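Structure file coords-v3.txt; described as compact mmCIF, C-alpha atoms.
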# COMPACT_ATOMS: atom_id res chain seq x y z
CA MET A 1 48.14 49.69 137.37
CA LYS A 2 48.11 49.87 133.58
CA THR A 3 46.12 53.12 133.73
CA GLU A 4 48.62 54.66 136.14
CA THR A 5 51.52 53.60 133.92
CA LYS A 6 49.80 55.04 130.83
CA ASN A 7 49.07 58.34 132.60
CA SER A 8 52.63 58.49 133.84
CA SER A 9 53.93 57.94 130.30
CA LYS A 10 51.69 60.71 128.92
CA PHE A 11 52.87 63.10 131.62
CA LEU A 12 56.51 62.26 130.92
CA SER A 13 55.96 62.74 127.19
CA ARG A 14 54.28 66.14 127.72
CA PHE A 15 57.03 67.15 130.12
CA ILE A 16 59.77 66.27 127.63
CA LYS A 17 57.97 68.08 124.78
CA THR A 18 57.41 71.15 126.93
CA ALA A 19 61.05 71.15 128.03
CA VAL A 20 62.27 70.79 124.45
CA PHE A 21 59.96 73.49 123.08
CA GLY A 22 60.81 75.73 126.01
CA SER A 23 64.53 75.28 125.44
CA VAL A 24 64.13 76.01 121.73
CA ALA A 25 62.06 79.11 122.50
CA VAL A 26 64.66 80.39 124.96
CA PHE A 27 67.44 79.65 122.48
CA VAL A 28 65.64 81.47 119.65
CA ALA A 29 64.70 84.41 121.87
CA TYR A 30 68.22 84.80 123.27
CA TYR A 31 70.05 84.62 119.97
CA GLY A 32 67.34 86.61 118.23
CA LEU A 33 67.78 89.46 120.69
CA LEU A 34 71.54 89.05 120.49
CA TYR A 35 71.37 89.45 116.70
CA LEU A 36 69.07 92.46 116.94
CA PHE A 37 71.11 94.34 119.54
CA ALA A 38 74.62 93.14 118.67
CA VAL A 39 74.47 93.10 114.88
CA ARG A 40 71.37 94.46 113.19
CA TYR A 41 70.69 97.45 115.42
CA LEU A 42 73.92 97.94 117.33
CA ASP A 43 73.65 101.25 119.15
CA PRO A 44 76.37 103.75 118.12
CA GLU A 45 77.04 104.27 121.83
CA TYR A 46 78.85 100.94 121.68
CA TYR A 47 80.97 101.67 118.62
CA GLY A 48 83.92 103.16 120.48
CA SER A 49 84.17 100.58 123.27
CA TYR A 50 83.56 97.65 120.91
CA PHE A 51 86.13 98.90 118.41
CA TYR A 52 88.69 99.62 121.14
CA ALA A 53 88.33 96.23 122.81
CA TRP A 54 88.61 94.47 119.44
CA ARG A 55 91.80 96.36 118.59
CA LEU A 56 93.48 95.69 121.95
CA GLU A 57 92.44 92.07 122.36
CA TYR A 58 92.91 90.86 118.81
CA ALA A 59 93.34 93.12 115.80
CA ASP A 60 96.43 95.16 116.71
CA LYS A 61 98.60 92.05 116.90
CA GLN A 62 97.56 91.11 113.37
CA MET A 63 99.22 94.23 111.95
CA LEU A 64 102.68 92.92 112.83
CA GLY A 65 103.13 90.21 110.22
CA MET A 66 106.16 88.79 108.39
CA TYR A 67 106.84 88.59 104.66
CA LYS A 68 108.56 85.65 103.00
CA PHE A 69 109.87 85.47 99.46
CA VAL A 70 107.12 84.24 97.14
CA LYS A 71 108.52 81.86 94.56
CA PRO A 72 107.17 82.36 91.02
CA ASN A 73 106.19 78.68 90.65
CA GLU A 74 104.13 78.60 93.88
CA HIS A 75 101.14 80.42 92.39
CA PRO A 76 99.54 81.03 88.99
CA ALA A 77 101.68 83.49 87.03
CA THR A 78 99.00 86.18 86.67
CA GLN A 79 99.98 89.69 85.59
CA ASP A 80 99.00 91.31 88.88
CA ARG A 81 101.23 88.86 90.78
CA LYS A 82 104.12 89.54 88.40
CA ASP A 83 103.72 93.31 88.76
CA PHE A 84 103.61 93.08 92.54
CA SER A 85 106.64 90.80 92.65
CA LEU A 86 108.61 93.35 90.65
CA LYS A 87 107.50 96.06 93.07
CA VAL A 88 108.43 94.37 96.37
CA GLN A 89 110.88 91.48 95.87
CA SER A 90 112.87 92.09 92.70
CA GLU A 91 116.54 93.01 92.51
CA GLU A 92 115.59 96.55 91.45
CA SER A 93 112.88 96.95 94.08
CA SER A 94 113.38 94.72 97.12
CA HIS A 95 111.29 96.55 99.75
CA LEU A 96 109.86 93.49 101.50
CA ILE A 97 112.84 91.13 101.31
CA ALA A 98 115.78 93.48 101.97
CA THR A 99 114.89 93.63 105.67
CA ASN A 100 112.65 91.65 108.00
CA TYR A 101 110.41 94.23 109.67
CA PRO A 102 106.65 93.98 110.31
CA GLU A 103 103.96 94.69 107.76
CA HIS A 104 100.24 93.99 107.71
CA PHE A 105 99.07 91.07 105.55
CA PRO A 106 95.27 90.79 105.96
CA ARG A 107 95.07 87.97 103.41
CA GLY A 108 98.47 86.45 104.09
CA PHE A 109 101.83 87.61 102.74
CA ASP A 110 101.49 85.56 99.56
CA GLN A 111 98.20 87.30 98.76
CA GLN A 112 99.43 90.84 99.38
CA PHE A 113 99.33 91.56 95.65
CA SER A 114 95.52 91.67 95.89
CA LEU A 115 95.72 94.75 98.13
CA ASP A 116 98.17 96.67 95.98
CA ASN A 117 97.17 100.23 95.12
CA ALA A 118 98.55 103.52 93.81
CA ALA A 119 99.89 104.54 97.23
CA TYR A 120 101.64 101.33 98.25
CA LYS A 121 105.02 101.90 96.63
CA GLY A 122 105.29 105.33 98.23
CA PHE A 123 104.39 103.78 101.57
CA LEU A 124 107.16 101.18 101.21
CA GLU A 125 109.67 103.90 100.31
CA MET A 126 108.66 105.83 103.44
CA ARG A 127 109.06 102.61 105.42
CA ASP A 128 112.54 101.99 103.96
CA ASN A 129 113.62 105.51 104.89
CA TYR A 130 112.47 104.96 108.46
CA ILE A 131 114.54 101.78 108.68
CA LYS A 132 117.60 103.57 107.30
CA ALA A 133 117.22 106.35 109.86
CA THR A 134 116.68 104.16 112.91
CA SER A 135 118.24 100.76 112.26
CA PRO A 136 120.77 100.80 109.41
CA GLU A 137 120.97 97.34 107.90
CA ALA A 138 123.95 95.61 106.26
CA ASN A 139 123.87 95.68 102.47
CA LEU A 140 123.12 92.20 101.19
CA SER A 141 123.41 90.84 97.69
CA TYR A 142 120.11 90.07 96.01
CA ALA A 143 120.87 86.35 96.20
CA ASP A 144 121.37 86.62 99.98
CA MET A 145 118.15 88.61 100.34
CA VAL A 146 116.20 85.90 98.55
CA LYS A 147 117.87 83.17 100.58
CA GLN A 148 117.14 84.84 103.90
CA ALA A 149 113.60 85.89 102.94
CA SER A 150 112.78 82.34 101.82
CA SER A 151 113.67 80.75 105.15
CA ARG A 152 112.42 83.34 107.63
CA LYS A 153 110.94 82.18 110.94
CA GLU A 154 108.68 84.16 113.25
CA ARG A 155 111.52 84.45 115.74
CA ASP A 156 113.59 86.26 113.10
CA LEU A 157 111.13 89.15 112.82
CA LYS A 158 112.59 92.49 113.91
CA TYR A 159 110.54 95.38 115.21
CA PHE A 160 110.74 99.05 114.33
CA ALA A 161 112.99 101.03 116.62
CA ASP A 162 112.02 104.34 118.17
CA SER A 163 113.66 107.75 117.58
CA PRO A 164 114.38 109.13 121.06
CA GLY A 165 114.34 112.90 121.29
CA LYS A 166 113.44 113.57 117.65
CA SER A 167 110.57 115.88 116.81
CA ILE A 168 107.82 115.02 114.36
CA ASP A 169 109.31 117.47 111.85
CA GLU A 170 112.78 115.92 112.18
CA ILE A 171 111.38 112.46 111.57
CA ARG A 172 109.34 113.71 108.62
CA SER A 173 112.51 115.06 107.01
CA GLU A 174 114.05 111.59 107.33
CA LEU A 175 111.00 109.87 105.90
CA PHE A 176 110.90 112.26 102.96
CA PRO A 177 114.50 113.40 102.25
CA THR A 178 113.48 114.87 98.90
CA PRO A 179 110.55 117.25 99.47
CA GLY A 180 107.62 116.75 97.13
CA GLU A 181 108.82 113.40 95.79
CA ASN A 182 106.62 111.06 97.84
CA ARG A 183 102.85 111.58 97.92
CA TRP A 184 102.81 110.33 101.54
CA GLU A 185 104.61 113.48 102.66
CA LYS A 186 101.50 115.63 102.29
CA ALA A 187 99.17 112.84 103.37
CA THR A 188 101.00 112.37 106.70
CA ARG A 189 100.67 116.08 107.45
CA THR A 190 96.92 115.73 107.03
CA LEU A 191 96.92 112.57 109.17
CA MET A 192 98.58 114.36 112.07
CA LYS A 193 96.21 117.30 111.61
CA ILE A 194 93.31 114.86 112.02
CA VAL A 195 94.85 113.27 115.13
CA GLY A 196 95.52 116.67 116.71
CA ASN A 197 92.01 117.94 116.10
CA ILE A 198 90.43 114.71 117.38
CA LEU A 199 92.37 114.98 120.64
CA HIS A 200 91.47 118.66 120.99
CA ASN A 201 87.78 117.82 120.54
CA ALA A 202 87.59 120.13 117.55
CA ASP A 203 84.23 120.68 115.92
CA GLY A 204 83.83 118.59 112.80
CA TYR A 205 85.96 115.69 114.06
CA LYS A 206 83.22 113.58 115.64
CA PHE A 207 81.07 110.69 114.46
CA ASP A 208 77.40 111.07 115.42
CA GLY A 209 76.42 107.45 114.79
CA LYS A 210 75.65 107.91 111.11
CA GLU A 211 77.98 110.51 109.68
CA LEU A 212 81.49 111.77 110.27
CA GLY A 213 82.05 115.46 110.87
CA GLU A 214 82.43 117.56 107.73
CA GLU A 215 85.96 118.79 108.47
CA MET A 216 87.35 115.31 109.14
CA THR A 217 85.59 113.96 106.06
CA ASP A 218 87.14 116.71 103.95
CA ASP A 219 90.59 115.94 105.39
CA ILE A 220 90.26 112.22 104.62
CA MET A 221 89.07 112.90 101.08
CA SER A 222 92.01 115.28 100.67
CA MET A 223 94.42 112.60 101.91
CA LEU A 224 93.07 110.05 99.49
CA THR A 225 93.34 112.54 96.65
CA ASP A 226 96.96 113.33 97.59
CA LEU A 227 97.68 109.60 97.56
CA GLU A 228 96.25 109.45 94.03
CA MET A 229 93.59 106.91 94.89
CA ASP A 230 90.79 106.41 92.37
CA MET A 231 88.37 109.07 93.64
CA THR A 232 85.73 108.04 91.11
CA LYS A 233 85.15 105.00 93.36
CA ILE A 234 85.33 106.75 96.73
CA THR A 235 82.61 109.06 98.04
CA GLU A 236 81.86 110.69 101.39
CA ASP A 237 79.32 107.92 101.98
CA HIS A 238 82.17 105.40 101.78
CA VAL A 239 84.03 107.36 104.46
CA ASP A 240 80.98 107.32 106.74
CA ALA A 241 80.52 103.58 106.14
CA PHE A 242 84.18 102.96 106.99
CA PHE A 243 83.71 104.34 110.50
CA VAL A 244 80.38 102.57 110.98
CA HIS A 245 82.11 99.32 110.10
CA LEU A 246 85.02 100.04 112.43
CA GLY A 247 82.52 100.45 115.24
CA LYS A 248 80.40 97.41 114.43
CA VAL A 249 83.37 95.04 114.07
CA CYS A 250 81.37 92.44 112.18
CA ALA A 251 82.89 89.81 109.90
CA THR A 252 81.43 91.42 106.78
CA CYS A 253 82.52 94.88 107.98
CA ALA A 254 86.22 94.30 108.69
CA THR A 255 87.21 93.52 105.11
CA PRO A 256 90.90 93.14 104.22
CA ARG A 257 90.93 96.43 102.29
CA LYS A 258 89.45 98.35 105.21
CA THR A 259 91.79 96.86 107.80
CA PHE A 260 94.71 97.45 105.41
CA ALA A 261 93.72 101.12 105.07
CA TYR A 262 93.62 101.39 108.86
CA SER A 263 97.08 99.85 109.24
CA ARG A 264 98.54 102.36 106.71
CA ALA A 265 97.47 105.15 109.04
CA TYR A 266 98.84 103.29 112.08
CA TYR A 267 102.29 102.72 110.58
CA ALA A 268 102.58 106.34 109.42
CA PHE A 269 101.50 107.44 112.91
CA TYR A 270 104.04 105.11 114.53
CA PHE A 271 106.91 106.47 112.43
CA LEU A 272 106.05 110.11 113.07
CA THR A 273 105.56 109.71 116.83
CA SER A 274 108.59 107.47 117.39
CA GLY A 275 110.40 110.33 119.11
CA ILE A 276 107.76 110.79 121.82
CA ASP A 277 108.70 109.32 125.18
CA PHE A 278 105.48 107.54 126.05
CA GLN A 279 105.42 106.47 129.68
CA GLY A 280 103.26 103.41 129.11
CA VAL A 281 106.27 101.46 127.89
CA LYS A 282 109.74 101.79 129.39
CA ARG A 283 112.93 101.86 127.35
CA PRO A 284 115.47 99.36 128.82
CA SER A 285 119.12 100.11 129.38
CA ASP A 286 120.11 96.55 128.46
CA ALA A 287 120.83 96.25 124.71
CA ASP A 288 119.74 92.61 124.73
CA LYS A 289 116.23 93.66 125.65
CA MET A 290 115.76 96.25 122.92
CA GLN A 291 113.92 94.02 120.44
CA SER A 292 111.40 93.04 123.12
CA TYR A 293 110.98 96.71 123.92
CA TYR A 294 110.47 97.63 120.25
CA LYS A 295 107.75 95.00 119.92
CA GLU A 296 106.10 96.18 123.11
CA ARG A 297 106.30 99.79 121.93
CA MET A 298 104.78 98.97 118.54
CA LEU A 299 101.81 97.31 120.23
CA TYR A 300 101.48 100.10 122.77
CA VAL A 301 101.40 102.76 120.06
CA ALA A 302 98.87 100.63 118.15
CA HIS A 303 96.65 100.62 121.25
CA LEU A 304 97.18 104.35 121.71
CA PHE A 305 96.25 104.99 118.06
CA ALA A 306 93.09 102.91 118.53
CA ARG A 307 92.22 105.03 121.56
CA VAL A 308 92.60 108.16 119.39
CA VAL A 309 90.27 106.72 116.74
CA ALA A 310 87.75 105.65 119.39
CA HIS A 311 87.70 109.28 120.54
CA ILE A 312 85.46 110.22 117.59
CA TYR A 313 82.59 108.00 118.74
CA PRO A 314 79.75 109.14 121.05
CA ASN A 315 81.16 107.48 124.22
CA LYS A 316 84.76 107.42 123.00
CA HIS A 317 86.43 104.21 124.21
CA LYS A 318 84.10 103.75 127.18
CA VAL A 319 80.88 101.77 127.59
CA GLY A 320 77.63 103.73 127.82
CA ASP A 321 75.69 103.86 131.08
CA ASP A 322 73.00 101.28 131.84
CA ALA A 323 70.57 103.47 133.76
CA GLY A 324 66.94 102.49 133.14
CA PHE A 325 65.21 99.20 132.39
CA TRP A 326 65.52 99.26 128.59
CA LYS A 327 69.17 100.29 128.72
CA LYS A 328 69.88 97.35 131.01
CA ILE A 329 68.15 95.03 128.50
CA ARG A 330 70.04 96.61 125.61
CA ASN A 331 73.35 96.37 127.46
CA PHE A 332 72.76 92.73 128.31
CA TYR A 333 72.25 91.75 124.68
CA SER A 334 74.71 94.18 123.11
CA PRO A 335 78.41 93.44 122.63
CA LEU A 336 79.27 95.07 125.94
CA ARG A 337 82.98 94.51 125.56
CA LYS A 338 85.18 96.13 128.14
CA VAL A 339 88.94 96.09 127.94
CA LYS A 340 90.19 93.91 130.76
CA LYS A 341 92.96 96.39 131.40
CA ASP A 342 93.33 99.66 129.53
CA VAL A 343 97.09 99.76 129.09
CA VAL A 344 97.09 103.22 127.48
CA LEU A 345 97.89 105.89 130.04
CA ASP A 346 95.78 109.05 130.05
CA SER A 347 99.01 110.96 130.53
CA ASP A 348 100.31 109.62 127.21
CA ILE A 349 97.14 110.78 125.46
CA THR A 350 97.74 114.22 126.97
CA LEU A 351 101.42 114.12 125.97
CA LEU A 352 100.46 113.21 122.40
CA ARG A 353 97.85 115.95 122.26
CA ASP A 354 100.25 118.59 123.53
CA THR A 355 103.06 117.43 121.24
CA ILE A 356 100.97 117.52 118.08
CA GLY A 357 99.05 120.68 118.92
CA THR A 358 95.98 121.79 117.00
CA PHE A 359 95.38 123.08 113.49

Reformat the file's structure so that it appears as structure tokens.
Amino acid sequence: MKTETKNSSKFLSRFIKTAVFGSVAVFVAYYGLLYLFAVRYLDPEYYGSYFYAWRLEYADKQMLGMYKFVKPNEHPATQDRKDFSLKVQSEESSHLIATNYPEHFPRGFDQQFSLDNAAYKGFLEMRDNYIKATSPEANLSYADMVKQASSRKERDLKYFADSPGKSIDEIRSELFPTPGENRWEKATRTLMKIVGNILHNADGYKFDGKELGEEMTDDIMSMLTDLEMDMTKITEDHVDAFFVHLGKVCATCATPRKTFAYSRAYYAFYFLTSGIDFQGVKRPSDADKMQSYYKERMLYVAHLFARVVAHIYPNKHKVGDDAGFWKKIRNFYSPLRKVKKDVVLDSDITLLRDTIGTF
């Protein structure tokens, strides 16, 4: 009896050890392969679909944030904070407190100073001109601006209106009433040139998995130069890396500065295309429903813009095929993210393409 009990105990012990080691081996193998295929060696075929799903399911919403007045005594009085405060919430320059429209705050509104650059003031002036053209606001005293901006709630956030029937050129003249004064005027022309050529499948506007096409790279470098960015710190390799990181969507890739750069392009795109009657979102006749419509339209155009960007990748916004044994293995362990429902209508992509034209 004792022998049987001892043998039984040994068997149970071996069984438990085998089960534990087996579980650990499976765990290591699974997550090891997941790391290899999803992070370390993510196939460029997945860049477009992964990027597109990430934008639609999470990232696009993050671009519609709200600013609140930052009190001087809430943070250390560093020079960069003081300079930024003078630029966006002072009596002479009240861009972010005069009205309550969305902006992107990757690090939080009270840390926006850390993303300030040479092009930001011009962007805010363009933004102000869009508000004046589409949703004229009552003139408030500076004291009232500060009071309202200090107590804002999420429910108070307004959304950018559209510009029914207006052409891109008409809207551009509203954004830049004094030709040549704002550096974004020339940059937005280049942006729409890029969008048009992407949608027309122009040579030089594709990403091959490692490098961006030469023509699109030249356009982006030209845009950055027009915006008076520090070109001693930006090379063509940085441009290539930007689009690799967009496709990989990893935590170390989607840095605040990169997502902020992306949202600058989105907002400029939204303003310029606000006159296009996209069918994916319907304009209501009831005035009480307009703010809901504006929010819905902003998100729809954000999704549409993401679809345009995804167009440069090998499989665009779609997942690659899984024919063959190794492709099935790769697909299983890769971030095979599919959009649950692609809300962007193909007809709206066609409408955008035909409206912009080619260059």

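A cut-off of 10 Å from the point (107.0, 102.8, 101.3), with only C-alpha atoms, picks out the residues Val88, His95, Leu96, Ala119, Tyr120, Lys121, Gly122, Phe123, Leu124, Glu125, Met126, Arg127, Asp128, Asn129, Tyr130, Leu175, Asn182, Trp184 and Ala268 of chain A.
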
Within 7 Å of range 190-206 of chain A using all atoms listed in the file, minus same-chain residues under 4 positions, as an mmCIF file with C-alpha atoms, in the frame of the given file:
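That gives us selection35.cif:
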data_model
loop_
_atom_site.group_PDB
_atom_site.id
_atom_site.type_symbol
_atom_site.label_atom_id
_atom_site.label_comp_id
_atom_site.auth_asym_id
_atom_site.auth_seq_id
_atom_site.Cartn_x
_atom_site.Cartn_y
_atom_site.Cartn_z
ATOM 1 C CA LYS A 186 101.500 115.630 102.290
ATOM 2 C CA LEU A 212 81.490 111.770 110.270
ATOM 3 C CA GLY A 213 82.050 115.460 110.870
ATOM 4 C CA GLU A 214 82.430 117.560 107.730
ATOM 5 C CA GLU A 215 85.960 118.790 108.470
ATOM 6 C CA MET A 216 87.350 115.310 109.140
ATOM 7 C CA ASP A 219 90.590 115.940 105.390
ATOM 8 C CA MET A 223 94.420 112.600 101.910
ATOM 9 C CA VAL A 308 92.600 108.160 119.390
ATOM 10 C CA HIS A 311 87.700 109.280 120.540
ATOM 11 C CA ILE A 312 85.460 110.220 117.590
ATOM 12 C CA TYR A 313 82.590 108.000 118.740
ATOM 13 C CA ARG A 353 97.850 115.950 122.260
ATOM 14 C CA ILE A 356 100.970 117.520 118.080
ATOM 15 C CA GLY A 357 99.050 120.680 118.920
ATOM 16 C CA THR A 358 95.980 121.790 117.000
ATOM 17 C CA PHE A 359 95.380 123.080 113.490
#

Checklist outcome for this item: CA of Lys166 in chain A to CA of Gly65 in chain A measures 26.6 Å

Checklist outcome for this item: Using only C-alpha atoms, the residue out of A:Ala133, A:Leu345, A:Met221, A:Val70 with shortest distance to Ala149 in chain A is A:Val70

Next on the checklist: One number please: CA of Thr259 in chain A to CA of Pro106 in chain A, in Å, one decimal.
Outcome noted: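 Interatomic distance, CA of Thr259 in chain A to CA of Pro106 in chain A: 7.2 Å.
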
Next on the checklist: List as an MDAnalysis selection string the protein and nucleic acid residues near Lys153 in chain A, meaning an atom at most 10 Å away when all atoms listed in the file are counted, but skip any in the same chain fewer than 4 places from it.
Outcome noted: chainID A and resid 66:68 148:149 157

Item to check | Residue with smallest distance to His104 in chain A - pool A:Ala287, A:Tyr267, A:Ala310, A:Val344, counting all atoms listed in the file | outcome: A:Tyr267

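For the pair CA of Tyr101 in chain A and CA of Ser167 in chain A, the interatomic distance is 22.8 Å.
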
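With all atoms listed in the file as the basis for measurement, A:Thr99 is the residue among A:Thr225, A:Gln112, A:Thr273, A:Thr99 that approaches Pro136 in chain A most closely.
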
Checklist entry - Which is closest to Leu272 in chain A among A:Arg107, A:Lys316, A:Arg172, A:Lys295, if we use all atoms listed in the file? => result A:Arg172

Item to check | Shortest interatomic distance to Glu228 in chain A - which of A:Ala187, A:Leu299, A:Ala254, A:Ala77, counting all atoms listed in the file | outcome: A:Ala187

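Residues with any atom within 10 Å of His317 in chain A, counting only C-alpha atoms and excluding same-chain neighbours fewer than 3 positions away, are Glu45, Tyr46, Tyr47, Gly48, Ser49, Tyr50, Phe51, Tyr52, Ala53, Ala306, Arg307, Val308, Val309, Ala310, His311, Ile312, Tyr313, Pro314, Gly320, Lys338, Val339 and Asp342 of chain A.
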
Next on the checklist: Just checking: using all atoms listed in the file, which residue out of A:Pro76, A:Gly108, A:Pro256, A:Pro164 ends up closest to Phe278 in chain A?
Outcome noted: A:Pro164

Near-Leu115 in chain A list (8 Å; only C-alpha atoms; drop same-chain fewer than 2 positions) as a short mmCIF file (atom, residue, chain, number, x, y, z; two decimals) with C-alpha atoms, keeping the file's coordinate frame:
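Final output, result_32.cif:
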data_model
loop_
_atom_site.label_atom_id
_atom_site.label_comp_id
_atom_site.auth_asym_id
_atom_site.auth_seq_id
_atom_site.Cartn_x
_atom_site.Cartn_y
_atom_site.Cartn_z
CA GLN A 111 98.20 87.30 98.76
CA GLN A 112 99.43 90.84 99.38
CA PHE A 113 99.33 91.56 95.65
CA ASN A 117 97.17 100.23 95.12
CA PRO A 256 90.90 93.14 104.22
CA ARG A 257 90.93 96.43 102.29
CA PHE A 260 94.71 97.45 105.41
#

Checklist entry - Around (110.5, 80.9, 95.7) in the file's own coordinates, what residues are found within 12 Å if you use all atoms listed in the file, given back as a ChimeraX atom specification? => result /A:68-75,85,89-90,97,110,143,145-151

Can you tell me, as JSON, the centre and edge lengths (Å, one decimal) of the axis-aligned box enclosing all of range 145-153 of chain A's listed atoms after padding each side by 8 Å?
{"center_x": 114.5, "center_y": 84.7, "center_z": 104.7, "size_x": 23.2, "size_y": 23.9, "size_z": 28.4}

Item to check | Selection near Ser114 in chain A, 9 Å with only C-alpha atoms, sequence-local residues under 5 positions removed, as a PyMOL selection string | outcome: chain A and resi 80-81+84+107

Those residues you just picked out, can you put them in a file as a PDB file, keeping the file's coordinate frame with C-alpha atoms?
ATOM      1  CA  ASP A  80      99.000  91.310  88.880  1.00  0.00           C
ATOM      2  CA  ARG A  81     101.230  88.860  90.780  1.00  0.00           C
ATOM      3  CA  PHE A  84     103.610  93.080  92.540  1.00  0.00           C
ATOM      4  CA  ARG A 107      95.070  87.970 103.410  1.00  0.00           C
TER       5      ARG A 107
END
